$ cat input-v8.cif   # mmCIF, C-alpha atoms
data_entry
loop_
_atom_site.label_atom_id
_atom_site.label_comp_id
_atom_site.auth_asym_id
_atom_site.auth_seq_id
_atom_site.Cartn_x
_atom_site.Cartn_y
_atom_site.Cartn_z
CA MET A 1 0.00 0.00 0.00
CA ARG A 2 2.84 2.39 0.87
CA LYS A 3 4.49 1.80 -2.55
CA ILE A 4 1.20 2.43 -4.34
CA THR A 5 0.65 5.66 -2.40
CA LEU A 6 4.17 6.86 -3.22
CA LEU A 7 3.65 6.05 -6.89
CA LEU A 8 0.42 8.06 -6.97
CA VAL A 9 2.19 11.02 -5.36
CA LEU A 10 4.96 10.87 -7.96
CA ILE A 11 2.45 10.71 -10.80
CA LEU A 12 0.55 13.67 -9.36
CA CYS A 13 3.73 15.72 -8.97
CA ASN A 14 4.81 14.95 -12.51
CA THR A 15 1.39 16.01 -13.79
CA LEU A 16 1.36 19.23 -11.79
CA PHE A 17 4.81 20.28 -12.97
CA ALA A 18 4.49 19.01 -16.55
CA GLN A 19 4.75 21.66 -19.22
CA LEU A 20 2.03 21.51 -21.83
CA GLU A 21 4.24 23.04 -24.51
CA ILE A 22 6.86 20.27 -24.36
CA PRO A 23 6.63 17.80 -27.29
CA LYS A 24 6.92 14.07 -26.74
CA LEU A 25 10.58 13.15 -26.40
CA GLY A 26 12.30 10.72 -28.72
CA GLU A 27 14.63 7.99 -27.44
CA ASN A 28 17.75 10.16 -27.65
CA ASP A 29 16.14 13.50 -26.80
CA SER A 30 16.80 15.48 -23.64
CA ILE A 31 15.37 18.78 -22.46
CA VAL A 32 17.25 21.90 -21.44
CA HIS A 33 15.20 24.41 -19.48
CA HIS A 34 16.01 28.10 -19.56
CA ASN A 35 14.04 30.77 -17.71
CA ALA A 36 11.51 31.52 -20.43
CA TYR A 37 11.82 28.64 -22.89
CA SER A 38 12.87 25.00 -23.13
CA LEU A 39 14.58 23.20 -25.98
CA SER A 40 15.85 19.89 -27.24
CA PHE A 41 19.22 20.28 -28.99
CA ASN A 42 20.41 18.08 -31.84
CA SER A 43 24.20 17.63 -31.62
CA LYS A 44 24.34 16.08 -35.10
CA TYR A 45 22.80 19.04 -36.90
CA LEU A 46 23.84 21.69 -34.32
CA ASN A 47 20.29 23.06 -34.33
CA ALA A 48 17.52 22.66 -31.79
CA ASN A 49 14.99 19.97 -32.62
CA TRP A 50 12.46 22.39 -31.13
CA VAL A 51 12.10 25.28 -28.72
CA ALA A 52 8.90 25.61 -26.68
CA TYR A 53 7.42 28.16 -24.32
CA LEU A 54 4.27 29.76 -22.97
CA LEU A 55 3.82 33.33 -24.22
CA THR A 56 1.52 35.56 -22.18
CA ARG A 57 0.06 38.98 -22.91
CA GLU A 58 2.30 40.55 -20.26
CA GLU A 59 5.39 39.01 -21.82
CA THR A 60 4.80 40.81 -25.11
CA ASN A 61 5.88 44.06 -23.42
CA SER A 62 9.30 44.96 -24.83
CA LEU A 63 11.37 46.25 -21.92
CA PHE A 64 14.95 45.24 -22.76
CA GLU A 65 17.30 45.71 -25.71
CA ARG A 66 18.74 42.89 -27.79
CA SER A 67 21.72 41.04 -26.32
CA ASN A 68 24.91 39.42 -27.68
CA PHE A 69 25.20 35.99 -29.26
CA ILE A 70 26.94 33.56 -26.90
CA GLU A 71 27.44 29.85 -26.20
CA ASP A 72 24.73 28.09 -24.24
CA PRO A 73 26.37 27.30 -20.87
CA LEU A 74 24.11 24.25 -20.46
CA ILE A 75 24.91 22.66 -23.83
CA GLU A 76 28.42 21.63 -24.81
CA GLY A 77 29.57 22.46 -28.33
CA THR A 78 27.39 25.51 -28.91
CA ASN A 79 30.14 28.09 -29.36
CA LEU A 80 29.23 28.47 -33.02
CA SER A 81 30.21 32.05 -33.79
CA LYS A 82 32.87 31.00 -36.34
CA ASP A 83 30.32 28.90 -38.23
CA TYR A 84 27.99 31.83 -38.84
CA TYR A 85 30.77 34.35 -39.53
CA LYS A 86 30.63 35.41 -43.20
CA SER A 87 28.40 32.41 -43.97
CA GLY A 88 25.78 34.50 -45.74
CA TYR A 89 23.15 33.33 -43.24
CA ASP A 90 21.51 35.15 -40.35
CA ARG A 91 21.64 33.79 -36.83
CA GLY A 92 17.90 33.24 -36.85
CA HIS A 93 16.11 33.00 -33.52
CA LEU A 94 13.77 30.07 -32.91
CA ALA A 95 12.45 31.54 -29.66
CA PRO A 96 12.26 35.16 -30.90
CA ALA A 97 14.06 37.93 -29.05
CA GLY A 98 10.81 39.88 -29.31
CA ASP A 99 9.06 37.23 -27.19
CA MET A 100 11.79 37.43 -24.54
CA ALA A 101 12.16 41.20 -24.19
CA PHE A 102 10.10 41.29 -20.97
CA SER A 103 13.12 40.08 -18.95
CA LYS A 104 16.85 40.78 -19.12
CA ILE A 105 17.62 37.15 -18.29
CA ALA A 106 15.16 35.84 -20.89
CA MET A 107 16.55 38.22 -23.51
CA ASP A 108 20.14 37.17 -22.81
CA GLU A 109 19.22 33.48 -22.96
CA SER A 110 17.39 33.93 -26.26
CA PHE A 111 20.77 34.80 -27.80
CA TYR A 112 22.33 31.44 -26.96
CA TYR A 113 23.58 29.71 -30.09
CA SER A 114 21.43 26.72 -29.17
CA ASN A 115 18.45 28.94 -30.04
CA MET A 116 19.93 29.96 -33.40
CA SER A 117 19.47 28.42 -36.82
CA PRO A 118 21.01 29.55 -40.14
CA GLN A 119 18.35 31.50 -41.99
CA VAL A 120 18.41 33.28 -45.33
CA PRO A 121 18.44 37.02 -44.48
CA SER A 122 15.37 37.82 -46.59
CA PHE A 123 13.50 35.02 -44.81
CA ASN A 124 14.61 35.88 -41.28
CA ARG A 125 13.95 39.61 -41.66
CA GLY A 126 10.84 39.17 -43.79
CA ILE A 127 8.15 36.50 -43.65
CA TRP A 128 9.59 34.80 -40.53
CA LYS A 129 9.63 38.11 -38.64
CA LYS A 130 6.08 38.75 -39.87
CA LEU A 131 4.96 35.43 -38.37
CA GLU A 132 6.70 36.17 -35.07
CA THR A 133 4.93 39.52 -34.87
CA GLN A 134 1.59 37.86 -35.62
CA VAL A 135 2.11 35.37 -32.79
CA ARG A 136 2.72 38.24 -30.34
CA ASN A 137 -0.44 39.93 -31.57
CA TRP A 138 -2.38 36.72 -30.98
CA ALA A 139 -0.89 36.41 -27.48
CA ILE A 140 -2.22 39.88 -26.73
CA GLU A 141 -5.63 39.03 -28.19
CA TYR A 142 -6.01 35.62 -26.54
CA ASP A 143 -4.12 36.35 -23.28
CA SER A 144 -1.66 33.45 -23.65
CA LEU A 145 -0.44 30.89 -26.18
CA TYR A 146 1.78 27.81 -26.21
CA VAL A 147 4.41 28.00 -28.96
CA VAL A 148 6.70 25.34 -30.43
CA THR A 149 9.18 26.21 -33.17
CA GLY A 150 11.95 24.39 -34.97
CA PRO A 151 13.67 23.38 -38.19
CA VAL A 152 12.87 20.47 -40.47
CA PHE A 153 15.87 18.17 -40.86
CA THR A 154 16.44 16.53 -44.24
CA PRO A 155 19.37 14.64 -45.85
CA SER A 156 20.00 17.42 -48.38
CA MET A 157 20.87 20.24 -45.99
CA LYS A 158 23.80 22.54 -46.69
CA LEU A 159 26.53 22.75 -44.04
CA ILE A 160 28.34 25.90 -42.90
CA GLY A 161 31.46 26.60 -40.85
CA PRO A 162 34.17 24.44 -39.29
CA ASP A 163 31.65 22.65 -37.07
CA LYS A 164 29.36 21.92 -40.04
CA VAL A 165 26.15 23.53 -38.82
CA SER A 166 23.21 22.29 -40.88
CA VAL A 167 21.12 24.81 -42.81
CA PRO A 168 17.46 23.70 -42.72
CA ASN A 169 15.37 24.12 -45.85
CA PHE A 170 12.13 24.54 -43.88
CA TYR A 171 10.92 25.74 -40.48
CA TYR A 172 7.72 25.09 -38.58
CA LYS A 173 5.78 26.88 -35.88
CA VAL A 174 2.90 25.28 -33.97
CA ILE A 175 0.63 27.38 -31.73
CA LEU A 176 -1.99 26.33 -29.19
CA ASP A 177 -4.66 28.43 -27.53
CA ASN A 178 -5.72 26.21 -24.63
CA HIS A 179 -8.40 28.33 -22.97
CA LYS A 180 -11.18 25.98 -21.92
CA GLY A 181 -14.05 25.85 -24.38
CA LYS A 182 -12.11 27.99 -26.89
CA GLU A 183 -9.25 25.64 -27.71
CA LYS A 184 -7.68 26.01 -31.13
CA MET A 185 -4.40 25.14 -32.82
CA ILE A 186 -2.57 26.31 -35.92
CA GLY A 187 0.61 25.17 -37.69
CA PHE A 188 2.91 26.88 -40.17
CA LEU A 189 5.53 25.39 -42.48
CA MET A 190 7.83 27.86 -44.26
CA GLU A 191 10.66 27.40 -46.72
CA ASN A 192 13.94 29.11 -45.80
CA ILE A 193 13.64 31.70 -48.59
CA GLY A 194 12.25 35.21 -48.81
CA SER A 195 8.55 35.56 -49.53
CA ASN A 196 5.97 38.28 -50.00
CA SER A 197 3.05 35.90 -49.49
CA GLU A 198 0.39 36.25 -46.83
CA LEU A 199 0.82 34.14 -43.71
CA ASP A 200 -2.25 31.99 -44.28
CA ILE A 201 -0.57 30.48 -47.36
CA PHE A 202 1.81 28.62 -45.03
CA VAL A 203 -0.82 27.08 -42.74
CA LEU A 204 -1.01 23.29 -42.46
CA PRO A 205 -2.90 21.00 -40.10
CA VAL A 206 -0.59 20.17 -37.21
CA ASP A 207 -1.02 16.48 -38.10
CA ASN A 208 0.84 17.20 -41.34
CA ILE A 209 3.68 18.96 -39.53
CA GLU A 210 3.96 15.99 -37.17
CA GLU A 211 4.30 13.67 -40.18
CA ILE A 212 7.00 15.87 -41.71
CA THR A 213 9.02 16.35 -38.52
CA GLY A 214 8.34 13.11 -36.67
CA ILE A 215 7.49 15.17 -33.57
CA ASP A 216 4.38 14.63 -31.44
CA PHE A 217 3.22 18.08 -30.31
CA PHE A 218 1.21 18.75 -27.14
CA PRO A 219 1.05 15.11 -25.99
CA LEU A 220 -0.43 16.14 -22.61
CA LEU A 221 -3.71 17.16 -24.21
CA SER A 222 -6.51 14.63 -23.94
CA ASP A 223 -6.49 12.25 -26.89
CA GLU A 224 -9.90 13.45 -28.04
CA LEU A 225 -8.92 17.12 -28.00
CA GLU A 226 -5.49 16.51 -29.54
CA ILE A 227 -6.98 14.54 -32.44
CA LYS A 228 -9.61 17.23 -33.06
CA LEU A 229 -7.26 20.22 -32.96
CA GLU A 230 -4.36 18.68 -34.85
CA SER A 231 -6.50 17.55 -37.78
CA ASP A 232 -8.15 20.96 -38.17
CA LYS A 233 -7.12 23.81 -40.47
CA CYS A 234 -9.36 26.56 -39.17
CA LEU A 235 -8.08 29.73 -40.83
CA TYR A 236 -11.07 31.81 -39.78
CA CYS A 237 -10.42 30.87 -36.13
CA TRP A 238 -7.19 32.87 -36.28
CA PHE A 239 -7.32 35.24 -39.27
CA LYS A 240 -10.45 37.27 -38.56
#
$ encode --input "input-v8.cif" --output "structure tokens"
Amino acid sequence: MRKITLLLVLILCNTLFAQLEIPKLGENDSIVHHNAYSLSFNSKYLNANWVAYLLTREETNSLFERSNFIEDPLIEGTNLSKDYYKSGYDRGHLAPAGDMAFSKIAMDESFYYSNMSPQVPSFNRGIWKKLETQVRNWAIEYDSLYVVTGPVFTPSMKLIGPDKVSVPNFYYKVILDNHKGKEKMIGFLMENIGSNSELDIFVLPVDNIEEITGIDFFPLLSDELEIKLESDKCLYCWFK
């Protein structure tokens, strides 16, 4: 009886402290938690598999200036400044600096190289930035959102720098509004090139993004709700 009681306590604690934004981990995945976001880093491709965080309305307030790019002190082998130097690619944020500007610590940690991915400048400063801004606007409108972002790894990726950092050809962003009775989800898949298209062109059901990436998003949702939201492509739910 004592062992059963202890097991129930452990399960309850794990449930209470579980983070809804964290995708299901693969066999070789591990999580690194920073103050405002978490990530799983891929040492083969020297990119994060994903970054994930809760973005609240209050956290969209920009209070601190951009920081300097530095090695992630929690992840070995992320001093990648020489790889990006004169590569022709931007150090593209996965967890955007604009989502972390509410805190000096969060801003500094958003500039860790573990949160960077090589992005074509016209992509990073154009359509990708447009999507990041839209997510902040939605966070203001809906009070809070869960956000997961990452690259798509393929065999044909270009490599840059002495450490051979992979250059993804596509990026995804998956967003969940989990307010009870108003739950909705949206996914984006974008090629790493400049674009003048509207954001809704890049929307896919999250099921499709899971198939492409092999990642199971929001596994802590009930099965019924997860199946419903991930199969949906409800543009009018978001673009009003």
$ closest_residue --input "input-v8.cif" --among "A:His179, A:Lys24, A:Lys228, A:Lys130" --to "Leu145 in chain A" --atoms "all atoms listed in the file"
A:His179
$ closest_residue --input "input-v8.cif" --among "A:Ile186, A:Ala101, A:Val51, A:Leu199" --to "Arg66 in chain A" --atoms "only C-alpha atoms"
A:Ala101
$ closest_residue --input "input-v8.cif" --among "A:Gly214, A:Gly126, A:Gly77, A:Gly187" --to "Lys44 in chain A" --atoms "all atoms listed in the file"
A:Gly77
$ closest_residue --input "input-v8.cif" --among "A:Asn124, A:Asn47, A:Ser144, A:Asn137" --to "Glu191 in chain A" --atoms "all atoms listed in the file"
A:Asn124
$ resolve_selection --input "input-v8.cif" --expression "the PyMOL selection byres ((chain A and resi 105) around 10)" --output "ChimeraX atom specification"
/A:34-36,64,67,100-104,106-110
$ closest_residue --input "input-v8.cif" --among "A:Ile22, A:Asp200, A:Ile75, A:Ala139" --to "Lys240 in chain A" --atoms "all atoms listed in the file"
A:Asp200
$ residues_around --input "input-v8.cif" --residues "Leu176 in chain A" --least-positions-apart "2" --cutoff "6 Å" --atoms "all atoms listed in the file" --output "ChimeraX atom specification"
/A:145-146,178,185
$ residues_around --input "input-v8.cif" --residues "range 159-166 of chain A" --least-positions-apart "4" --cutoff "12 Å" --atoms "all atoms listed in the file" --output "MDAnalysis selection string"
chainID A and resid 42:49 77:91 113:114 116:119 151:155 170
$ closest_residue --input "input-v8.cif" --among "A:Asp216, A:Ile201, A:Ser195, A:Asp99" --to "Ile140 in chain A" --atoms "all atoms listed in the file"
A:Asp99
$ atom_distance --input "input-v8.cif" --atom1 "CA of Glu211 in chain A" --atom2 "CA of Asn115 in chain A"
23.2 Å
$ resolve_selection --input "input-v8.cif" --expression "the PyMOL selection byres ((chain A and resi 31) around 10)" --output "list of chain:residue names"
A:Ile22, A:Leu25, A:Asp29, A:Ser30, A:Val32, A:His33, A:His34, A:Ser38, A:Leu39, A:Ser40, A:Phe41, A:Trp50, A:Val51
$ atom_distance --input "input-v8.cif" --atom1 "CA of Phe188 in chain A" --atom2 "CA of Val147 in chain A"
11.4 Å
$ atom_distance --input "input-v8.cif" --atom1 "CA of Glu71 in chain A" --atom2 "CA of Glu27 in chain A"
25.4 Å
$ decode --input "input-v8.cif" --residues "range 153-165 of chain A" --atoms "N, CA, C and O atoms" --output "PDB file, in the first residue's frame"
ATOM      1  N   PHE A 153      14.604  18.777 -40.460  1.00  0.00           N
ATOM      2  CA  PHE A 153      15.872  18.173 -40.856  1.00  0.00           C
ATOM      3  C   PHE A 153      15.669  17.224 -42.029  1.00  0.00           C
ATOM      4  O   PHE A 153      14.775  16.360 -41.998  1.00  0.00           O
ATOM      5  N   THR A 154      16.499  17.388 -43.058  1.00  0.00           N
ATOM      6  CA  THR A 154      16.441  16.529 -44.244  1.00  0.00           C
ATOM      7  C   THR A 154      17.868  16.139 -44.642  1.00  0.00           C
ATOM      8  O   THR A 154      18.834  16.795 -44.239  1.00  0.00           O
ATOM      9  N   PRO A 155      18.020  15.083 -45.456  1.00  0.00           N
ATOM     10  CA  PRO A 155      19.374  14.641 -45.846  1.00  0.00           C
ATOM     11  C   PRO A 155      20.105  15.641 -46.727  1.00  0.00           C
ATOM     12  O   PRO A 155      21.329  15.574 -46.840  1.00  0.00           O
ATOM     13  N   SER A 156      19.384  16.558 -47.361  1.00  0.00           N
ATOM     14  CA  SER A 156      19.997  17.424 -48.377  1.00  0.00           C
ATOM     15  C   SER A 156      20.441  18.776 -47.851  1.00  0.00           C
ATOM     16  O   SER A 156      20.689  19.688 -48.624  1.00  0.00           O
ATOM     17  N   MET A 157      20.570  18.922 -46.549  1.00  0.00           N
ATOM     18  CA  MET A 157      20.873  20.237 -45.994  1.00  0.00           C
ATOM     19  C   MET A 157      22.316  20.666 -46.264  1.00  0.00           C
ATOM     20  O   MET A 157      23.246  19.859 -46.189  1.00  0.00           O
ATOM     21  N   LYS A 158      22.475  21.950 -46.550  1.00  0.00           N
ATOM     22  CA  LYS A 158      23.797  22.545 -46.690  1.00  0.00           C
ATOM     23  C   LYS A 158      24.443  22.635 -45.317  1.00  0.00           C
ATOM     24  O   LYS A 158      23.759  22.727 -44.293  1.00  0.00           O
ATOM     25  N   LEU A 159      25.783  22.617 -45.282  1.00  0.00           N
ATOM     26  CA  LEU A 159      26.531  22.746 -44.040  1.00  0.00           C
ATOM     27  C   LEU A 159      27.382  24.001 -44.091  1.00  0.00           C
ATOM     28  O   LEU A 159      27.927  24.365 -45.146  1.00  0.00           O
ATOM     29  N   ILE A 160      27.512  24.693 -42.957  1.00  0.00           N
ATOM     30  CA  ILE A 160      28.341  25.896 -42.895  1.00  0.00           C
ATOM     31  C   ILE A 160      29.327  25.798 -41.735  1.00  0.00           C
ATOM     32  O   ILE A 160      29.044  25.177 -40.711  1.00  0.00           O
ATOM     33  N   GLY A 161      30.494  26.422 -41.921  1.00  0.00           N
ATOM     34  CA  GLY A 161      31.458  26.601 -40.848  1.00  0.00           C
ATOM     35  C   GLY A 161      32.266  25.369 -40.506  1.00  0.00           C
ATOM     36  O   GLY A 161      31.990  24.259 -40.981  1.00  0.00           O
ATOM     37  N   PRO A 162      33.278  25.558 -39.671  1.00  0.00           N
ATOM     38  CA  PRO A 162      34.167  24.444 -39.295  1.00  0.00           C
ATOM     39  C   PRO A 162      33.468  23.331 -38.520  1.00  0.00           C
ATOM     40  O   PRO A 162      33.901  22.187 -38.561  1.00  0.00           O
ATOM     41  N   ASP A 163      32.385  23.664 -37.823  1.00  0.00           N
ATOM     42  CA  ASP A 163      31.649  22.649 -37.066  1.00  0.00           C
ATOM     43  C   ASP A 163      30.543  21.993 -37.887  1.00  0.00           C
ATOM     44  O   ASP A 163      29.864  21.098 -37.393  1.00  0.00           O
ATOM     45  N   LYS A 164      30.354  22.486 -39.108  1.00  0.00           N
ATOM     46  CA  LYS A 164      29.358  21.925 -40.040  1.00  0.00           C
ATOM     47  C   LYS A 164      27.935  22.031 -39.479  1.00  0.00           C
ATOM     48  O   LYS A 164      27.236  21.029 -39.262  1.00  0.00           O
ATOM     49  N   VAL A 165      27.519  23.254 -39.250  1.00  0.00           N
ATOM     50  CA  VAL A 165      26.148  23.533 -38.821  1.00  0.00           C
ATOM     51  C   VAL A 165      25.213  23.316 -40.002  1.00  0.00           C
ATOM     52  O   VAL A 165      25.446  23.834 -41.099  1.00  0.00           O
TER      53      VAL A 165
END
